[in-house]
Each structure stands twice: as structure tokens, then as C-alpha cells.
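Enquirer: Contents of query22.txt (compact mmCIF, C-alpha atoms and all ligand atoms) are given next:
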# COMPACT_ATOMS: atom_id res chain seq x y z
CA MET A 1 16.64 -1.78 -17.25
CA THR A 2 15.15 -4.30 -19.64
CA HIS A 3 13.09 -7.33 -18.71
CA PRO A 4 12.26 -9.12 -21.93
CA SER A 5 10.03 -11.62 -20.16
CA ARG A 6 7.95 -9.14 -18.13
CA LYS A 7 4.74 -7.72 -19.56
CA ILE A 8 2.82 -4.81 -18.14
CA TRP A 9 -0.92 -4.39 -18.49
CA ARG A 10 -1.78 -0.95 -19.80
CA ASP A 11 -5.39 0.00 -20.40
CA GLY A 12 -6.49 -3.43 -21.55
CA GLU A 13 -3.42 -4.75 -23.36
CA PHE A 14 -0.02 -6.13 -22.49
CA ILE A 15 3.05 -4.14 -23.43
CA GLN A 16 6.75 -4.82 -22.87
CA TRP A 17 8.27 -3.78 -19.52
CA GLU A 18 10.41 -1.03 -21.11
CA GLN A 19 7.47 0.42 -23.03
CA ALA A 20 5.65 1.31 -19.81
CA THR A 21 6.79 4.95 -19.80
CA VAL A 22 5.13 8.35 -19.49
CA HIS A 23 6.13 11.74 -20.87
CA VAL A 24 8.35 13.85 -18.64
CA LEU A 25 5.76 16.64 -18.80
CA SER A 26 2.81 14.40 -17.95
CA GLN A 27 0.45 15.80 -15.34
CA SER A 28 0.99 12.95 -12.86
CA LEU A 29 4.78 13.12 -13.01
CA GLN A 30 4.87 16.92 -12.69
CA ARG A 31 2.22 17.20 -9.97
CA GLY A 32 2.61 13.94 -8.08
CA THR A 33 -0.96 12.77 -8.73
CA LEU A 34 -0.22 9.11 -9.47
CA ALA A 35 -2.37 6.87 -7.25
CA PHE A 36 -1.19 3.31 -6.70
CA ASP A 37 -1.51 0.13 -4.71
CA TYR A 38 0.83 -2.73 -4.04
CA MET A 39 -0.03 -6.31 -3.21
CA SER A 40 1.73 -9.62 -2.67
CA VAL A 41 1.52 -12.90 -4.58
CA HIS A 42 2.03 -16.21 -2.79
CA GLN A 43 2.74 -19.75 -3.88
CA THR A 44 0.38 -22.10 -2.04
CA SER A 45 -0.61 -25.75 -2.34
CA ARG A 46 -3.74 -24.56 -4.22
CA GLY A 47 -1.61 -22.56 -6.66
CA LEU A 48 -0.87 -18.86 -6.83
CA ALA A 49 -2.84 -16.47 -4.67
CA VAL A 50 -2.96 -12.68 -4.32
CA TYR A 51 -3.31 -11.49 -0.75
CA ARG A 52 -6.54 -9.54 -0.13
CA LEU A 53 -6.78 -8.49 -3.78
CA ARG A 54 -10.30 -7.13 -3.46
CA ASP A 55 -9.30 -4.89 -0.54
CA HIS A 56 -6.26 -3.53 -2.35
CA VAL A 57 -8.31 -2.67 -5.42
CA ALA A 58 -10.94 -1.02 -3.21
CA ARG A 59 -8.19 1.09 -1.63
CA LEU A 60 -6.94 2.13 -5.07
CA VAL A 61 -10.46 3.22 -5.97
CA THR A 62 -10.59 5.29 -2.75
CA SER A 63 -7.17 6.85 -3.46
CA CYS A 64 -8.42 7.87 -6.93
CA GLU A 65 -11.65 9.30 -5.51
CA ILE A 66 -9.76 11.37 -2.92
CA THR A 67 -7.30 12.62 -5.54
CA GLY A 68 -10.02 13.34 -8.14
CA LEU A 69 -8.74 10.81 -10.68
CA GLU A 70 -11.60 9.39 -12.72
CA LEU A 71 -10.94 5.70 -13.15
CA GLY A 72 -12.48 4.28 -16.30
CA TYR A 73 -12.64 0.76 -14.84
CA SER A 74 -14.80 -0.97 -12.29
CA ALA A 75 -13.24 -2.76 -9.33
CA GLU A 76 -14.19 -6.11 -10.93
CA GLU A 77 -12.42 -5.17 -14.17
CA LEU A 78 -9.31 -4.18 -12.24
CA ILE A 79 -9.35 -7.43 -10.28
CA ASP A 80 -9.53 -9.40 -13.54
CA ALA A 81 -6.70 -7.32 -14.97
CA CYS A 82 -4.50 -7.97 -11.91
CA ILE A 83 -5.10 -11.71 -12.23
CA ALA A 84 -4.32 -11.66 -15.95
CA THR A 85 -1.10 -9.78 -15.21
CA VAL A 86 -0.01 -12.30 -12.58
CA LEU A 87 -0.67 -15.15 -15.00
CA GLU A 88 1.25 -13.36 -17.74
CA ASN A 89 4.32 -12.94 -15.50
CA PRO A 90 5.49 -16.24 -13.98
CA GLY A 91 7.58 -15.85 -10.83
CA ALA A 92 5.93 -12.55 -9.86
CA ARG A 93 5.83 -11.94 -6.11
CA PHE A 94 4.23 -8.52 -6.08
CA VAL A 95 1.68 -6.59 -8.12
CA LYS A 96 1.73 -2.83 -8.45
CA ILE A 97 -1.26 -1.07 -9.93
CA SER A 98 -0.85 2.59 -10.92
CA ALA A 99 -3.46 5.12 -12.05
CA LEU A 100 -2.13 8.30 -13.60
CA VAL A 101 -2.91 11.22 -15.88
CA PRO A 102 -0.52 10.73 -18.83
CA SER A 103 -1.37 13.89 -20.77
CA VAL A 104 1.04 16.82 -21.05
CA GLU A 105 -0.57 19.71 -19.21
CA VAL A 106 0.18 23.33 -18.44
CA GLU A 107 -2.45 23.87 -15.80
CA LEU A 108 -2.88 22.24 -12.43
CA VAL A 109 -6.28 20.81 -13.33
CA PRO A 110 -5.71 18.71 -16.45
CA GLN A 111 -7.57 19.70 -19.60
CA ASP A 112 -7.38 16.03 -20.60
CA PRO A 113 -8.21 14.20 -17.36
CA ARG A 114 -8.13 10.72 -18.91
CA VAL A 115 -6.63 8.26 -16.42
CA SER A 116 -4.37 5.49 -17.62
CA VAL A 117 -4.03 2.31 -15.55
CA LEU A 118 -0.88 0.20 -15.58
CA ILE A 119 -0.38 -3.07 -13.72
CA ALA A 120 3.02 -4.68 -13.20
CA ALA A 121 3.59 -8.12 -11.66
CA TYR A 122 7.21 -8.74 -10.77
CA ASP A 123 9.77 -10.12 -8.40
CA VAL A 124 11.05 -7.04 -6.65
CA MET A 125 14.39 -8.62 -5.80
CA ALA A 126 15.18 -10.13 -9.18
CA ASP A 127 13.60 -7.51 -11.40
CA VAL A 128 14.28 -4.27 -9.59
CA VAL A 129 16.70 -4.59 -6.70
CA GLU A 130 19.31 -6.78 -8.36
CA PRO A 131 21.32 -3.92 -9.95
CA HIS A 132 21.34 -2.09 -6.60
CA LEU A 133 22.49 -5.24 -4.82
CA ARG A 134 25.42 -5.45 -7.16
CA ALA A 135 26.25 -1.89 -6.11
CA GLY A 136 26.18 -3.05 -2.47
CA HIS A 137 22.83 -1.56 -1.35
CA ARG A 138 20.57 -4.05 0.38
CA PRO A 139 16.93 -3.01 0.35
CA LEU A 140 15.53 -2.20 3.76
CA HIS A 141 12.66 -4.67 3.48
CA GLU A 142 15.22 -7.49 3.50
CA ALA A 143 16.32 -6.53 7.01
CA PRO A 144 14.91 -8.95 9.62
CA LEU A 145 14.63 -6.28 12.35
CA VAL A 146 14.20 -2.54 12.18
CA SER A 147 15.23 0.59 14.13
CA LEU A 148 13.17 3.79 14.06
CA LYS A 149 13.82 7.43 14.78
CA VAL A 150 10.90 9.59 15.86
CA GLU A 151 10.64 12.32 13.22
CA ARG A 152 10.39 15.78 14.77
CA HIS A 153 10.47 18.04 11.73
CA PHE A 154 8.08 16.63 9.14
CA SER A 155 4.56 15.72 10.27
CA ASN A 156 2.68 12.78 8.83
CA ARG A 157 0.29 13.28 5.91
CA ARG A 158 -2.61 15.43 7.05
CA GLU A 159 -6.27 15.26 6.15
CA ASP A 160 -6.23 19.01 5.34
CA ILE A 161 -3.28 18.67 2.91
CA ILE A 162 -3.30 15.27 1.18
CA PRO A 163 -5.30 12.89 3.38
CA PRO A 164 -3.27 9.96 4.72
CA GLN A 165 -5.86 7.54 3.31
CA ALA A 166 -4.79 8.44 -0.26
CA LYS A 167 -1.99 6.27 -1.53
CA VAL A 168 -0.77 8.93 -3.92
CA ALA A 169 2.79 9.73 -5.04
CA ALA A 170 2.92 13.28 -3.62
CA ASN A 171 2.26 11.90 -0.14
CA TYR A 172 5.67 10.23 -0.06
CA THR A 173 7.94 13.23 -0.59
CA SER A 174 8.27 14.59 2.93
CA PRO A 175 8.59 11.09 4.48
CA MET A 176 11.37 10.44 1.98
CA MET A 177 13.21 13.56 3.10
CA ALA A 178 12.76 12.56 6.74
CA LYS A 179 13.99 9.03 6.11
CA LEU A 180 17.07 10.24 4.27
CA ARG A 181 18.15 12.17 7.34
CA ALA A 182 17.36 9.34 9.75
CA ARG A 183 19.39 6.92 7.68
CA ALA A 184 22.37 9.24 7.84
CA GLU A 185 22.09 8.92 11.63
CA GLY A 186 22.13 5.12 11.48
CA TYR A 187 18.39 4.39 11.79
CA ASP A 188 16.53 2.24 9.30
CA ASP A 189 13.37 4.31 9.11
CA VAL A 190 11.35 7.08 10.75
CA LEU A 191 8.21 7.11 12.83
CA LEU A 192 6.04 10.05 11.83
CA LEU A 193 3.92 12.01 14.30
CA ASN A 194 0.71 13.81 13.46
CA GLU A 195 0.09 17.51 13.95
CA GLN A 196 -0.87 16.88 17.61
CA HIS A 197 2.52 15.17 18.14
CA LEU A 198 0.87 11.76 18.49
CA VAL A 199 2.31 8.67 16.82
CA ALA A 200 0.99 8.11 13.28
CA GLU A 201 2.89 5.68 11.04
CA ALA A 202 6.19 5.03 9.26
CA PRO A 203 6.59 6.23 5.64
CA THR A 204 5.37 2.93 4.16
CA SER A 205 4.22 0.93 7.20
CA ASN A 206 1.75 1.08 10.08
CA ILE A 207 2.90 0.73 13.67
CA PHE A 208 1.70 -1.41 16.56
CA ILE A 209 2.98 -1.47 20.14
CA VAL A 210 2.39 -3.96 22.92
CA ASN A 211 1.81 -2.34 26.31
CA ALA A 212 2.75 -3.63 29.75
CA SER A 213 -0.59 -5.50 30.06
CA GLY A 214 0.05 -7.34 26.81
CA ALA A 215 -2.55 -5.36 24.80
CA LEU A 216 -1.86 -4.22 21.25
CA LEU A 217 -2.33 -0.56 20.33
CA THR A 218 -2.26 1.11 16.92
CA PRO A 219 -3.05 4.75 16.00
CA PRO A 220 -6.62 5.61 14.94
CA SER A 221 -7.70 5.10 11.35
CA ASP A 222 -8.32 8.79 10.56
CA LYS A 223 -4.61 9.56 10.96
CA VAL A 224 -2.96 6.85 8.86
CA LEU A 225 -3.10 4.97 5.60
CA LEU A 226 -5.52 2.12 6.12
CA GLY A 227 -2.94 -0.60 5.73
CA ILE A 228 -4.32 -3.93 4.61
CA THR A 229 -1.80 -5.72 6.82
CA ARG A 230 -2.77 -3.43 9.72
CA ASP A 231 -6.37 -4.53 9.29
CA SER A 232 -5.32 -8.20 9.11
CA ILE A 233 -3.22 -7.94 12.26
CA MET A 234 -6.04 -6.31 14.24
CA GLU A 235 -8.36 -9.17 13.28
CA LEU A 236 -5.70 -11.79 13.84
CA ALA A 237 -4.76 -10.43 17.27
CA ARG A 238 -8.38 -10.71 18.38
CA ALA A 239 -8.58 -14.24 16.97
CA GLU A 240 -5.51 -15.04 19.08
CA GLY A 241 -7.31 -13.75 22.18
CA LEU A 242 -5.20 -10.59 22.41
CA GLU A 243 -6.73 -7.22 23.18
CA CYS A 244 -6.17 -4.82 20.29
CA THR A 245 -7.36 -1.22 20.13
CA GLU A 246 -7.04 1.75 17.81
CA GLN A 247 -6.16 4.65 20.03
CA ASN A 248 -3.88 7.66 20.36
CA ILE A 249 -0.31 6.70 21.16
CA THR A 250 2.02 9.23 22.77
CA GLU A 251 5.79 9.17 22.76
CA ALA A 252 5.63 8.15 26.43
CA ASP A 253 3.53 5.11 25.39
CA LEU A 254 6.22 4.15 22.89
CA HIS A 255 8.93 4.20 25.49
CA ALA A 256 6.82 2.28 28.03
CA ALA A 257 5.91 -0.44 25.51
CA THR A 258 7.34 -3.93 25.77
CA GLU A 259 7.28 -4.60 22.01
CA ALA A 260 6.76 -2.71 18.77
CA PHE A 261 6.36 -3.80 15.17
CA LEU A 262 5.58 -2.39 11.75
CA THR A 263 3.17 -3.89 9.24
CA ASN A 264 3.21 -3.66 5.47
CA THR A 265 2.72 -5.70 2.32
CA SER A 266 6.43 -6.17 1.58
CA VAL A 267 7.37 -7.73 4.92
CA GLY A 268 4.12 -8.58 6.74
CA VAL A 269 4.95 -8.13 10.44
CA TRP A 270 8.31 -6.45 10.97
CA PRO A 271 9.83 -6.47 14.49
CA VAL A 272 11.09 -3.09 15.75
CA ILE A 273 14.08 -3.42 18.05
CA ARG A 274 14.66 0.24 18.78
CA ILE A 275 12.80 3.56 18.76
CA ASP A 276 15.17 6.45 19.52
CA GLU A 277 16.99 5.36 22.67
CA THR A 278 14.40 2.76 23.74
CA ARG A 279 15.33 -0.83 22.93
CA TYR A 280 12.81 -3.66 22.89
CA SER A 281 13.15 -7.35 23.82
CA GLY A 282 16.92 -7.24 24.14
CA GLY A 283 17.36 -6.50 20.44
CA GLN A 284 15.26 -9.50 19.37
CA ALA A 285 11.73 -9.81 18.03
CA GLY A 286 9.24 -9.88 20.96
CA LEU A 287 7.05 -12.90 21.72
CA VAL A 288 3.71 -11.34 20.71
CA THR A 289 5.32 -9.97 17.54
CA VAL A 290 6.69 -13.38 16.59
CA ARG A 291 3.36 -15.08 17.29
CA LEU A 292 1.50 -12.69 14.98
CA ARG A 293 4.24 -12.66 12.36
CA ASP A 294 4.31 -16.44 12.14
CA ARG A 295 0.55 -16.82 11.98
CA HIS A 296 0.34 -14.14 9.30
CA ARG A 297 3.05 -15.93 7.29
CA ALA A 298 1.14 -19.21 7.58
CA ILE A 299 -2.01 -17.50 6.27
CA CYS A 300 -0.11 -16.08 3.29
CA ARG A 301 1.21 -19.56 2.48
CA GLY A 302 -2.32 -20.95 2.47
CA ASN A 303 -1.79 -22.93 5.68
CA ASP A 304 -4.54 -21.45 7.84
CA PRO A 305 -8.12 -22.45 6.95
CA GLU A 306 -9.63 -19.83 9.30
CA PHE A 307 -8.19 -16.98 7.21
CA ASP A 308 -8.05 -18.63 3.82
CA HIS A 309 -10.63 -16.11 2.57
CA TRP A 310 -7.83 -13.51 2.57
CA LEU A 311 -6.23 -15.32 -0.36
CA TYR A 312 -7.58 -14.73 -3.86
CA TYR A 313 -6.61 -17.85 -5.78
CA VAL A 314 -5.50 -16.93 -9.25
CA GLY A 315 -6.30 -20.08 -11.17
CA GLU A 316 -9.80 -20.80 -9.76
N1 LIG B 1 1.27 3.42 5.52
C1 LIG B 1 1.72 3.89 4.34
C2 LIG B 1 1.85 5.37 4.18
C3 LIG B 1 2.05 3.02 3.27
O1 LIG B 1 2.50 3.49 2.11
C4 LIG B 1 1.88 1.63 3.47
C5 LIG B 1 2.24 0.68 2.36
N2 LIG B 1 1.15 0.48 1.50
C6 LIG B 1 1.39 1.17 4.70
C7 LIG B 1 1.10 2.09 5.70
C8 LIG B 1 1.12 -0.30 4.93
O2 LIG B 1 0.02 -0.70 4.14
P1 LIG B 1 -0.17 -2.20 3.63
O3 LIG B 1 -0.19 -3.07 4.83
O4 LIG B 1 -1.46 -2.20 2.90
O5 LIG B 1 1.00 -2.49 2.75
Take the structure in this file and express it as C-alpha cells.
Expert:
Amino acid sequence: MTHPSRKIWRDGEFIQWEQATVHVLSQSLQRGTLAFDYMSVHQTSRGLAVYRLRDHVARLVTSCEITGLELGYSAEELIDACIATVLENPGARFVKISALVPSVEVELVPQDPRVSVLIAAYDVMADVVEPHLRAGHRPLHEAPLVSLKVERHFSNRREDIIPPQAKVAANYTSPMMAKLRARAEGYDDVLLLNEQHLVAEAPTSNIFIVNASGALLTPPSDKVLLGITRDSIMELARAEGLECTEQNITEADLHAATEAFLTNTSVGVWPVIRIDETRYSGGQAGLVTVRLRDRHRAICRGNDPEFDHWLYYVGE
């Protein structure tokens, strides 16, 4: 796929979209060691803004530390590079930053551990999804509501295998296998459990439920990827006067809940209408979900002074 207008930042310079390739035998491709992060770009009345840029870059640094990738850039340098990439690519709605070992290696531990950083700023729909749309496949993140199947075979990422806090390519293989099977059964996505059979997260989203007393619950931070949207929603819920706690969630809690929603960068707050046989809010988004979703959207559009500090304005 060619995108003549899109430029990708690679180690300090811009290259053409189609030049951003790695060798098939590169260490990161063969061993799944690519660490990445993904953030959203918003058009506001003060110009373009990246949502919680500093926090996303900090998470990339953590993912690299956990994985043992030695980044040759400071967080400040990466922030500047992200901004430059957004400015270089008009119409971009998302930024993906990838850190990988490009060298061809025979051994597990690379002899040449140099890490290459690539940053792409693009419109996922126009630049990536369009050919799939033509083939009739709508991307899941375009769906307004979502149904989940509790995954009973594959556990969530585990701290003693690849910790869930590392956003690293290898961590997505078993969730992908799980999701493939769930989709064949008519569900949109899976809900992964941890090794104690407690609720953890979806493959690329965190989960929240609302219990019968109207309190929000989300699984504890040691068991999940520390989603930036998850963090925002916890703070936002408290600002809205809602009780919100990180605590273990059992399957029974799921089925007793009045509402459930996922959070991630692509969609923000994503109403869940069904988990296994339990249906929520008559197949509609629940009231608490809608309240948080709408406030979060307003923040992203630059329409909420209280949380304006979450926007990193590109031109200022
Ligand atoms: N969990 C996992 C495993 C993910 O890949 C993602 C997507 N980054 C999330 C949760 C949600 O994180 P965020 O809100 O930062 O997009």
C-alpha cells in the first residue's frame, strides 16, 4: 500500500511511508520484541492536540525497560519527534510509535541491540482500513456497541511471562487467537481472565463495570496494561462524583453489573451490551457509560477546561 503524502519519522529523519520496512529476519519480527504505543490526535479550537502525549511516551519507555530494549532517545526527544511527525502529516488522527531491534540475528539476545524508533501519524480509516472496507470488512472500532465472550482457554498476559504492563508485540498473539475463535461464534471481542480466573482486560482495551450501587469497578493495575484512557476514566468518574475503585472482579460481578464498558485510545469509552449471556441496559449504552463517554469526548475536543491539561497542543 503506498501513501505518497505520508512520511514516517525514523531515527531522526523523515522517510516515505513505503520505505518504513524491516528485514524479515530482524530480531523484533522473529521474536516479537517490538514495543509500541498508540495515541490520538484531535482537532480543537486551539489547533491540533495529542491526547496525553507525555503519558503515552512514558508508557513506551516503560515497555522498553521491561522488554530490555535500550532506547537511544529521551522522553523529551520522543515527544518532539511525535509532534514533528503530526505536523508533517496533515489529517493524521493517530500516532503510532514503535521501538524495535532491526538487526538480523541468530541468537535470542541480539548481538547488535541497537533500537530503531519509527513514528507514524496517520488516519487509520483512510490510510489503512480503506482497502479492507472495499473488501467488506468493517473494523471493530467503528462499531458503536460491543459484545464480549469470556475467554476460558487463554489467560491474560502474566507478570511471570511477559508482564501485562509491557505494550510489546508478543503479548498480542494469544489474545488474537482467542478473539479469532470468539468472532467465529458471533462475539465482537473477548474478555480475558487472569490466572486466578478473575477478570483482567480485553485484548486491546480495559474494562469497567457499574455495580448495583452505581459504583465503578475496574481490575487492579498489576494485572492489566495501564491504559491511558482507563486512568482518565478513573479520574473523570471521581470528578463526576461517582465512586470508582480498582478491585478484583469475578465472573459473578460481571453478571450482576448494571453496565459495562471498555476503554481504549481508538474509541474512548465503548459501551458493552453483552457479556456471554448477560445483556446490559436493554442492548443500549447505559446511563453512566454515556455520561463518561460524552464528557471524555468533550475533553478530547478541547471543550472542557478542567481537563484541558490532558491535551498537548501541537502548535504552541
Ligand atoms: N489493554 C491493552 C492490552 C491494550 O493493548 C490497550 C490499548 N493500548 C489498552 C488496554 C487500552 O489502553 P489505552 O487506553 O492507553 O489505549
Enquirer: Mind listing the residues within 7 Å of ligand LIG 1 (chain B), all atoms listed in the file counted, as a ChimeraX atom specification?
Expert: /A:37-38,164,167,201-206,224-230,263-266
Enquirer: Contacts of Ile83 (chain A) at 12 Å or less, counting only C-alpha atoms, minus same-chain residues fewer than 2 places along, as a PyMOL selection string?
Expert: chain A and resi 9+39-41+48-51+53-54+57+76-81+85-90+92+94-97+119-121+312-316
Enquirer: Just how far from CA of Ala285 (chain A) is CA of Leu133 (chain A), in Å to one decimal?
Expert: 25.7 Å
Enquirer: Taking into account all atoms listed in the file, which residue in the set A:Asp222, A:Glu185, A:Glu259, A:Asp123 is nearest to Ala166 (chain A)?
Expert: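 With all atoms listed in the file as the atom set, the closest residue is A:Asp222.
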Enquirer: Find the spatial neighbours of Thr21 (chain A), counting only C-alpha atoms, within a cut-off of 12 Å - ignore same-chain residues fewer than 3 positions away - and output them as JSON, numbers by chain.
Expert: {"A": [8, 10, 15, 16, 17, 18, 24, 25, 26, 29, 98, 100, 102, 116, 117, 118]}
Enquirer: Do a neighbour search on region 304-307 of chain A at 10 Å with only C-alpha atoms, toss out local chain neighbours closer than 2 positions, and write the hits as a list in words.
Expert: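 The filter keeps Ser232, Glu235, Leu236, Ala239, Arg295, His296, Arg297, Ala298, Ile299, Cys300, Arg301, Gly302, His309, Trp310 and Leu311 of chain A.
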Enquirer: Under the rule that only C-alpha atoms are counted, which of A:Thr62, A:Thr173, A:Thr67, A:Ser281 is the nearest residue to Asn156 (chain A)?
Expert: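 That would be A:Thr173, the residue with the smallest distance to Asn156 (chain A).
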Enquirer: Taking all atoms listed in the file into account, which of A:Leu180, A:Leu242, A:Ala84, A:Ala35 comes nearest Leu60 (chain A)?
Expert: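 Of A:Leu180, A:Leu242, A:Ala84, A:Ala35, the one nearest Leu60 (chain A) is A:Ala35, counting all atoms listed in the file.
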Enquirer: If we count all atoms listed in the file, what is near Leu140 (chain A) at a cut-off of 10 Å, once residues fewer than 6 positions away on the same chain are taken out, given as a list of chain:residue names?
Expert: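 Skipping anything fewer than 6 positions along the chain leaves A:Val146, A:Asp188, A:Asp189, A:Val267.
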Enquirer: Distance CA of Ala58 (chain A)-CA of Tyr73 (chain A), one decimal place?
Expert: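 CA of Ala58 (chain A) sits 11.9 Å away from CA of Tyr73 (chain A).
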Enquirer: Expressed in Å to a single decimal, how great is the separation between CA of Arg59 (chain A) and CA of Pro175 (chain A)?
Expert: 20.5 Å
